[in-house]
$ cat input_30.cif   # mmCIF, C-alpha atoms, pLDDT in the B column; chains and numbers go by the auth columns
data_work
#
loop_
_atom_site.group_PDB
_atom_site.id
_atom_site.type_symbol
_atom_site.label_atom_id
_atom_site.label_comp_id
_atom_site.label_asym_id
_atom_site.label_seq_id
_atom_site.Cartn_x
_atom_site.Cartn_y
_atom_site.Cartn_z
_atom_site.B_iso_or_equiv
_atom_site.auth_seq_id
_atom_site.auth_asym_id
ATOM 1 C CA THR A 1 68.368 20.417 -8.987 74.00 497 Y
ATOM 2 C CA ASP A 2 70.950 21.608 -6.450 82.00 498 Y
ATOM 3 C CA MET A 3 68.302 21.853 -3.738 81.00 499 Y
ATOM 4 C CA ILE A 4 67.055 18.303 -4.428 84.00 500 Y
ATOM 5 C CA SER A 5 70.618 17.017 -4.478 81.00 501 Y
ATOM 6 C CA LYS A 6 71.444 18.669 -1.129 76.00 502 Y
ATOM 7 C CA THR A 7 68.192 17.402 0.353 81.00 503 Y
ATOM 8 C CA MET A 8 68.887 13.839 -0.749 79.00 504 Y
ATOM 9 C CA ASP A 9 72.446 14.041 0.625 74.00 505 Y
ATOM 10 C CA ALA A 10 70.948 15.001 3.992 70.00 506 Y
ATOM 11 C CA VAL A 11 68.423 12.133 3.755 69.00 507 Y
ATOM 12 C CA LYS A 12 71.223 9.710 2.911 70.00 508 Y
ATOM 13 C CA GLN A 13 73.261 10.854 5.913 66.00 509 Y
ATOM 14 C CA LEU A 14 70.258 10.419 8.224 60.00 510 Y
ATOM 15 C CA ASN A 15 69.725 6.890 6.940 61.00 511 Y
ATOM 16 C CA GLU A 16 73.316 5.791 7.410 60.00 512 Y
ATOM 17 C CA ASP A 17 74.064 3.807 10.556 50.00 513 Y
ATOM 18 C CA ASN A 18 75.635 6.757 12.364 68.00 514 Y
ATOM 19 C CA GLY A 19 72.408 8.743 12.004 78.00 515 Y
ATOM 20 C CA LYS A 20 70.363 6.111 13.823 90.00 516 Y
ATOM 21 C CA MET A 21 70.231 4.670 17.307 94.00 517 Y
ATOM 22 C CA ILE A 22 69.197 1.044 17.645 94.00 518 Y
ATOM 23 C CA THR A 23 67.072 -0.421 20.402 95.00 519 Y
ATOM 24 C CA GLY A 24 67.243 -3.860 21.984 95.00 520 Y
ATOM 25 C CA TRP A 25 64.084 -4.882 20.143 95.00 521 Y
ATOM 26 C CA LYS A 26 64.611 -6.214 16.610 95.00 522 Y
ATOM 27 C CA SER A 27 61.017 -5.611 15.550 95.00 523 Y
ATOM 28 C CA ILE A 28 61.108 -1.967 16.599 94.00 524 Y
ATOM 29 C CA ASN A 29 64.406 -1.463 14.798 94.00 525 Y
ATOM 30 C CA LYS A 30 62.863 -3.026 11.696 94.00 526 Y
ATOM 31 C CA MET A 31 59.721 -0.912 12.021 92.00 527 Y
ATOM 32 C CA LEU A 32 61.911 2.213 12.287 90.00 528 Y
ATOM 33 C CA ASN A 33 64.038 1.198 9.297 90.00 529 Y
ATOM 34 C CA GLY A 34 67.091 0.531 11.445 90.00 530 Y
ATOM 35 C CA GLY A 35 66.451 2.528 14.606 91.00 531 Y
ATOM 36 C CA PHE A 36 65.528 5.945 15.909 89.00 532 Y
ATOM 37 C CA ARG A 37 66.947 8.753 13.795 87.00 533 Y
ATOM 38 C CA LYS A 38 68.866 11.382 15.721 82.00 534 Y
ATOM 39 C CA GLY A 39 67.010 14.656 15.752 75.00 535 Y
ATOM 40 C CA GLU A 40 63.558 13.203 15.205 80.00 536 Y
ATOM 41 C CA GLN A 41 60.725 13.394 17.681 76.00 537 Y
ATOM 42 C CA TRP A 42 58.744 10.340 18.659 82.00 538 Y
ATOM 43 C CA VAL A 43 55.726 10.094 20.910 79.00 539 Y
ATOM 44 C CA ILE A 44 54.986 6.916 22.849 82.00 540 Y
ATOM 45 C CA SER A 45 51.281 7.126 23.538 83.00 541 Y
ATOM 46 C CA ALA A 46 48.970 4.784 25.404 86.00 542 Y
ATOM 47 C CA LEU A 47 46.368 4.863 28.114 87.00 543 Y
ATOM 48 C CA GLN A 48 47.599 5.198 31.676 86.00 544 Y
ATOM 49 C CA HIS A 49 49.163 2.121 33.275 88.00 545 Y
ATOM 50 C CA ASN A 50 50.210 0.641 29.920 91.00 546 Y
ATOM 51 C CA TYR A 51 54.011 0.668 30.449 91.00 547 Y
ATOM 52 C CA LYS A 52 54.859 4.021 28.808 91.00 548 Y
ATOM 53 C CA SER A 53 57.294 4.901 31.605 92.00 549 Y
ATOM 54 C CA GLY A 54 58.806 1.400 31.612 94.00 550 Y
ATOM 55 C CA PHE A 55 59.107 1.413 27.832 94.00 551 Y
ATOM 56 C CA THR A 56 60.765 4.838 27.881 95.00 552 Y
ATOM 57 C CA GLN A 57 63.166 3.885 30.676 96.00 553 Y
ATOM 58 C CA SER A 58 64.012 0.668 28.821 97.00 554 Y
ATOM 59 C CA LEU A 59 64.738 2.676 25.672 96.00 555 Y
ATOM 60 C CA PHE A 60 66.938 5.013 27.688 96.00 556 Y
ATOM 61 C CA VAL A 61 69.070 2.067 28.857 98.00 557 Y
ATOM 62 C CA GLN A 62 69.138 0.489 25.401 97.00 558 Y
ATOM 63 C CA LEU A 63 70.123 3.689 23.588 96.00 559 Y
ATOM 64 C CA ALA A 64 72.981 4.272 26.040 97.00 560 Y
ATOM 65 C CA THR A 65 74.291 0.691 26.036 97.00 561 Y
ATOM 66 C CA LEU A 66 73.732 -0.496 22.464 97.00 562 Y
ATOM 67 C CA ASN A 67 74.986 2.519 20.526 96.00 563 Y
ATOM 68 C CA VAL A 68 78.492 3.888 20.181 95.00 564 Y
ATOM 69 C CA PRO A 69 78.373 7.688 19.975 95.00 565 Y
ATOM 70 C CA VAL A 70 79.128 9.130 16.547 93.00 566 Y
ATOM 71 C CA MET A 71 79.861 12.773 17.113 92.00 567 Y
ATOM 72 C CA LYS A 72 79.218 15.767 14.882 90.00 568 Y
ATOM 73 C CA ASP A 73 81.636 17.759 17.040 93.00 569 Y
ATOM 74 C CA ALA A 74 84.572 15.771 18.418 94.00 570 Y
ATOM 75 C CA ASN A 75 85.154 18.437 21.087 97.00 571 Y
ATOM 76 C CA LYS A 76 81.842 17.703 22.784 97.00 572 Y
ATOM 77 C CA LYS A 77 80.668 14.874 25.047 97.00 573 Y
ATOM 78 C CA PRO A 78 77.787 12.613 23.939 96.00 574 Y
ATOM 79 C CA LEU A 79 74.705 12.826 26.157 96.00 575 Y
ATOM 80 C CA ILE A 80 71.385 11.038 26.551 96.00 576 Y
ATOM 81 C CA ILE A 81 68.830 12.633 28.883 95.00 577 Y
ATOM 82 C CA LEU A 82 65.838 11.093 30.642 95.00 578 Y
ATOM 83 C CA PHE A 83 63.239 13.478 32.101 94.00 579 Y
ATOM 84 C CA SER A 84 60.708 11.879 34.432 93.00 580 Y
ATOM 85 C CA PHE A 85 57.535 13.832 35.087 90.00 581 Y
ATOM 86 C CA GLU A 86 55.815 10.963 36.903 89.00 582 Y
ATOM 87 C CA ASP A 87 58.088 8.538 38.694 92.00 583 Y
ATOM 88 C CA ASP A 88 60.239 9.668 41.590 94.00 584 Y
ATOM 89 C CA MET A 89 63.973 9.046 41.346 95.00 585 Y
ATOM 90 C CA HIS A 90 63.910 5.991 43.603 95.00 586 Y
ATOM 91 C CA ILE A 91 61.400 4.314 41.265 95.00 587 Y
ATOM 92 C CA VAL A 92 63.411 5.206 38.144 96.00 588 Y
ATOM 93 C CA THR A 93 66.663 4.094 39.772 96.00 589 Y
ATOM 94 C CA GLU A 94 65.192 0.793 40.922 97.00 590 Y
ATOM 95 C CA PHE A 95 63.703 0.101 37.481 97.00 591 Y
ATOM 96 C CA ILE A 96 66.951 0.850 35.653 98.00 592 Y
ATOM 97 C CA TYR A 97 69.006 -1.198 38.111 98.00 593 Y
ATOM 98 C CA ARG A 98 66.663 -4.197 37.893 98.00 594 Y
ATOM 99 C CA TYR A 99 66.449 -3.881 34.103 97.00 595 Y
ATOM 100 C CA ILE A 100 70.209 -3.841 33.558 98.00 596 Y
ATOM 101 C CA TYR A 101 70.912 -6.504 36.183 98.00 597 Y
ATOM 102 C CA PHE A 102 68.241 -8.880 34.895 97.00 598 Y
ATOM 103 C CA ASN A 103 69.335 -8.490 31.258 96.00 599 Y
ATOM 104 C CA GLU A 104 72.913 -9.182 32.274 96.00 600 Y
ATOM 105 C CA THR A 105 72.359 -12.132 34.630 97.00 601 Y
ATOM 106 C CA GLY A 106 68.883 -13.493 33.890 97.00 602 Y
ATOM 107 C CA GLU A 107 68.016 -13.066 37.565 97.00 603 Y
ATOM 108 C CA LEU A 108 66.341 -10.326 39.558 96.00 604 Y
ATOM 109 C CA PRO A 109 68.690 -8.571 41.993 97.00 605 Y
ATOM 110 C CA ASP A 110 68.249 -8.859 45.726 96.00 606 Y
ATOM 111 C CA LEU A 111 67.953 -5.194 46.696 95.00 607 Y
ATOM 112 C CA THR A 112 68.585 -6.018 50.359 95.00 608 Y
ATOM 113 C CA LYS A 113 72.152 -7.044 49.539 97.00 609 Y
ATOM 114 C CA VAL A 114 73.353 -3.838 47.831 96.00 610 Y
ATOM 115 C CA THR A 115 73.986 -0.319 49.024 96.00 611 Y
ATOM 116 C CA GLY A 116 72.806 2.818 47.300 94.00 612 Y
ATOM 117 C CA LYS A 117 76.403 3.615 46.425 95.00 613 Y
ATOM 118 C CA GLU A 118 76.881 0.187 44.805 96.00 614 Y
ATOM 119 C CA VAL A 119 73.688 0.599 42.764 97.00 615 Y
ATOM 120 C CA GLY A 120 74.752 4.086 41.664 95.00 616 Y
ATOM 121 C CA GLU A 121 78.203 2.897 40.609 96.00 617 Y
ATOM 122 C CA TYR A 122 76.734 -0.132 38.815 97.00 618 Y
ATOM 123 C CA ILE A 123 74.208 1.934 36.847 97.00 619 Y
ATOM 124 C CA THR A 124 76.764 4.607 35.981 96.00 620 Y
ATOM 125 C CA LYS A 125 79.292 2.021 34.784 97.00 621 Y
ATOM 126 C CA LYS A 126 76.765 0.093 32.703 98.00 622 Y
ATOM 127 C CA LEU A 127 75.169 3.158 31.104 97.00 623 Y
ATOM 128 C CA SER A 128 78.537 4.663 30.145 96.00 624 Y
ATOM 129 C CA VAL A 129 80.031 1.483 28.664 96.00 625 Y
ATOM 130 C CA THR A 130 79.803 2.730 25.053 97.00 626 Y
ATOM 131 C CA GLY A 131 80.939 6.256 25.852 97.00 627 Y
ATOM 132 C CA TYR A 132 77.666 8.026 26.530 97.00 628 Y
ATOM 133 C CA HIS A 133 77.117 10.393 29.411 97.00 629 Y
ATOM 134 C CA VAL A 134 73.622 10.136 30.870 97.00 630 Y
ATOM 135 C CA LYS A 135 71.482 12.488 32.909 97.00 631 Y
ATOM 136 C CA ILE A 136 68.292 11.473 34.700 96.00 632 Y
ATOM 137 C CA LEU A 137 66.123 14.282 36.022 95.00 633 Y
ATOM 138 C CA ARG A 138 62.933 14.080 38.040 95.00 634 Y
ATOM 139 C CA ILE A 139 60.821 17.105 37.198 92.00 635 Y
ATOM 140 C CA ASN A 140 57.655 18.231 38.949 91.00 636 Y
ATOM 141 C CA PRO A 141 55.334 19.058 36.024 89.00 637 Y
ATOM 142 C CA SER A 142 53.485 21.597 38.196 92.00 638 Y
ATOM 143 C CA GLU A 143 56.705 23.585 38.536 91.00 639 Y
ATOM 144 C CA TRP A 144 58.253 23.214 35.076 90.00 640 Y
ATOM 145 C CA SER A 145 57.048 24.270 31.660 88.00 641 Y
ATOM 146 C CA TYR A 146 58.283 23.068 28.297 87.00 642 Y
ATOM 147 C CA LYS A 147 60.449 26.214 28.158 92.00 643 Y
ATOM 148 C CA GLN A 148 62.309 25.216 31.316 93.00 644 Y
ATOM 149 C CA MET A 149 62.884 21.744 29.893 91.00 645 Y
ATOM 150 C CA PHE A 150 64.249 23.230 26.645 92.00 646 Y
ATOM 151 C CA ASN A 151 66.422 25.590 28.689 95.00 647 Y
ATOM 152 C CA LYS A 152 67.849 22.610 30.583 96.00 648 Y
ATOM 153 C CA VAL A 153 68.763 20.985 27.268 95.00 649 Y
ATOM 154 C CA LEU A 154 70.389 24.235 26.117 96.00 650 Y
ATOM 155 C CA GLU A 155 72.255 24.398 29.426 97.00 651 Y
ATOM 156 C CA TYR A 156 73.746 20.947 28.807 98.00 652 Y
ATOM 157 C CA GLU A 157 74.745 21.987 25.303 97.00 653 Y
ATOM 158 C CA ALA A 158 76.423 25.105 26.731 97.00 654 Y
ATOM 159 C CA CYS A 159 78.338 22.807 29.126 98.00 655 Y
ATOM 160 C CA GLY A 160 79.907 20.964 26.193 98.00 656 Y
ATOM 161 C CA TYR A 161 77.467 18.133 25.551 97.00 657 Y
ATOM 162 C CA GLU A 162 76.198 16.966 22.177 96.00 658 Y
ATOM 163 C CA ILE A 163 72.744 15.599 22.858 94.00 659 Y
ATOM 164 C CA HIS A 164 71.829 12.426 20.995 94.00 660 Y
ATOM 165 C CA ALA A 165 68.516 11.615 22.652 93.00 661 Y
ATOM 166 C CA VAL A 166 66.048 13.146 25.078 93.00 662 Y
ATOM 167 C CA LEU A 167 63.424 10.835 26.547 92.00 663 Y
ATOM 168 C CA ILE A 168 60.518 12.271 28.471 89.00 664 Y
#

$ encode --input "input_30.cif" --output "C-alpha cells"
Amino acid sequence: TDMISKTMDAVKQLNEDNGKMITGWKSINKMLNGGFRKGEQWVISALQHNYKSGFTQSLFVQLATLNVPVMKDANKKPLIILFSFEDDMHIVTEFIYRYIYFNETGELPDLTKVTGKEVGEYITKKLSVTGYHVKILRINPSEWSYKQMFNKVLEYEACGYEIHAVLI
C-alpha cells in the first residue's frame, strides 16, 4: 500500500501544471493531457522533408516563451537545450528569428535591414522572457555519439543548470 501511495503521489505531481510544459498548439496540449511532462522522452518521427526540424525548433521557442520555470532546486538556473544534427546554425538562427518575429508582428522580417548582433539580441531577449536560459548547439553527427551528447547535458548540470527540456 505504501508503494502504491508513493507512486500515485509521484503521478499526481507529474500531472500538476508545474510538471508540464505547454506548447503554442492547443490540440497538441490536449493530446498530451496538458503539455509535455518534464522528464519524459518524446520522438517526433516522419519521413525526410516533413517539417521535423521546423516542428522541433518551433517547440523549442514555444517551450521557452510560454512556460514559466518551476524549479526543483532554487539554486539552479532553468535551461532548455536544442541540439541540431542537420541544420547549420545560420539556418536555425534564421528560422527562430523569423518564427518569433512573425508570431509577434504577423509579418515576415526583412533580413536585409537587421544586423547579426540585432538578431542575436532579439532572439536572446525573446527566448529568455519567462526566465529560461537557452542553449542551441550544432553538432556534426559524424563526430558526436549519444555519449558525448549526454556528457554535454551533464556538463550543463555541473555548471548549475536545471534542465527542463532537451530537443534534438

$ axis_aligned_box --input "input_30.cif" --around "range 618-636 of chain Y" --padding-each-side "4 Å" --output "AutoDock Vina command-line options"
--center_x 69.3 --center_y 9.0 --center_z 32.0 --size_x 31.3 --size_y 26.4 --size_z 21.9

$ atom_distance --input "input_30.cif" --atom1 "CA of Asp584 in chain Y" --atom2 "CA of Arg634 in chain Y"
6.3 Å

$ closest_residue --input "input_30.cif" --among "Y:Leu650, Y:Leu607, Y:Val588, Y:Leu555" --to "Leu663 in chain Y" --atoms "only C-alpha atoms"
Y:Leu555

$ atom_distance --input "input_30.cif" --atom1 "CA of Leu543 in chain Y" --atom2 "CA of Tyr595 in chain Y"
22.7 Å

$ closest_residue --input "input_30.cif" --among "Y:Val539, Y:Val662, Y:Thr589, Y:Ser580" --to "Lys613 in chain Y" --atoms "only C-alpha atoms"
Y:Thr589

$ closest_residue --input "input_30.cif" --among "Y:Phe556, Y:Phe591, Y:Phe598, Y:Phe532" --to "Ile577 in chain Y" --atoms "all atoms listed in the file"
Y:Phe556

$ atom_distance --input "input_30.cif" --atom1 "CA of Trp538 in chain Y" --atom2 "CA of His660 in chain Y"
13.5 Å

$ closest_residue --input "input_30.cif" --among "Y:Ile632, Y:Lys643, Y:Val649, Y:Gln537" --to "Ile587 in chain Y" --atoms "only C-alpha atoms"
Y:Ile632

$ resolve_selection --input "input_30.cif" --expression "the PyMOL selection byres ((chain Y and resi 661) around 12)" --output "ChimeraX atom specification"
/Y:515-518,532-538,552,555-560,563,565,574-579,628-631,649,657-660,662-664

$ resolve_selection --input "input_30.cif" --expression "the PyMOL selection byres ((chain Y and resi 626) around 7)" --output "JSON, numbers by chain"
{"Y": [561, 563, 564, 624, 625, 627, 628]}

$ closest_residue --input "input_30.cif" --among "Y:Asn571, Y:Ser638, Y:Tyr618, Y:Ile596" --to "Gly656 in chain Y" --atoms "only C-alpha atoms"
Y:Asn571

$ closest_residue --input "input_30.cif" --among "Y:Tyr597, Y:Thr503, Y:Phe581, Y:Ala570" --to "Lys548 in chain Y" --atoms "only C-alpha atoms"
Y:Phe581

$ residues_around --input "input_30.cif" --residues "Asn636 in chain Y" --least-positions-apart "3" --cutoff "12 Å" --atoms "all atoms listed in the file" --output "PDB file with C-alpha atoms, keeping the file's coordinate frame"
ATOM      1  CA  PHE Y 579      63.239  13.478  32.101  1.00 94.00           C
ATOM      2  CA  SER Y 580      60.708  11.879  34.432  1.00 93.00           C
ATOM      3  CA  PHE Y 581      57.535  13.832  35.087  1.00 90.00           C
ATOM      4  CA  GLU Y 582      55.815  10.963  36.903  1.00 89.00           C
ATOM      5  CA  ASP Y 583      58.088   8.538  38.694  1.00 92.00           C
ATOM      6  CA  ASP Y 584      60.239   9.668  41.590  1.00 94.00           C
ATOM      7  CA  MET Y 585      63.973   9.046  41.346  1.00 95.00           C
ATOM      8  CA  LEU Y 633      66.123  14.282  36.022  1.00 95.00           C
ATOM      9  CA  GLU Y 639      56.705  23.585  38.536  1.00 91.00           C
ATOM     10  CA  TRP Y 640      58.253  23.214  35.076  1.00 90.00           C
ATOM     11  CA  SER Y 641      57.048  24.270  31.660  1.00 88.00           C
ATOM     12  CA  TYR Y 642      58.283  23.068  28.297  1.00 87.00           C
ATOM     13  CA  GLN Y 644      62.309  25.216  31.316  1.00 93.00           C
ATOM     14  CA  MET Y 645      62.884  21.744  29.893  1.00 91.00           C
TER      15      MET Y 645
END
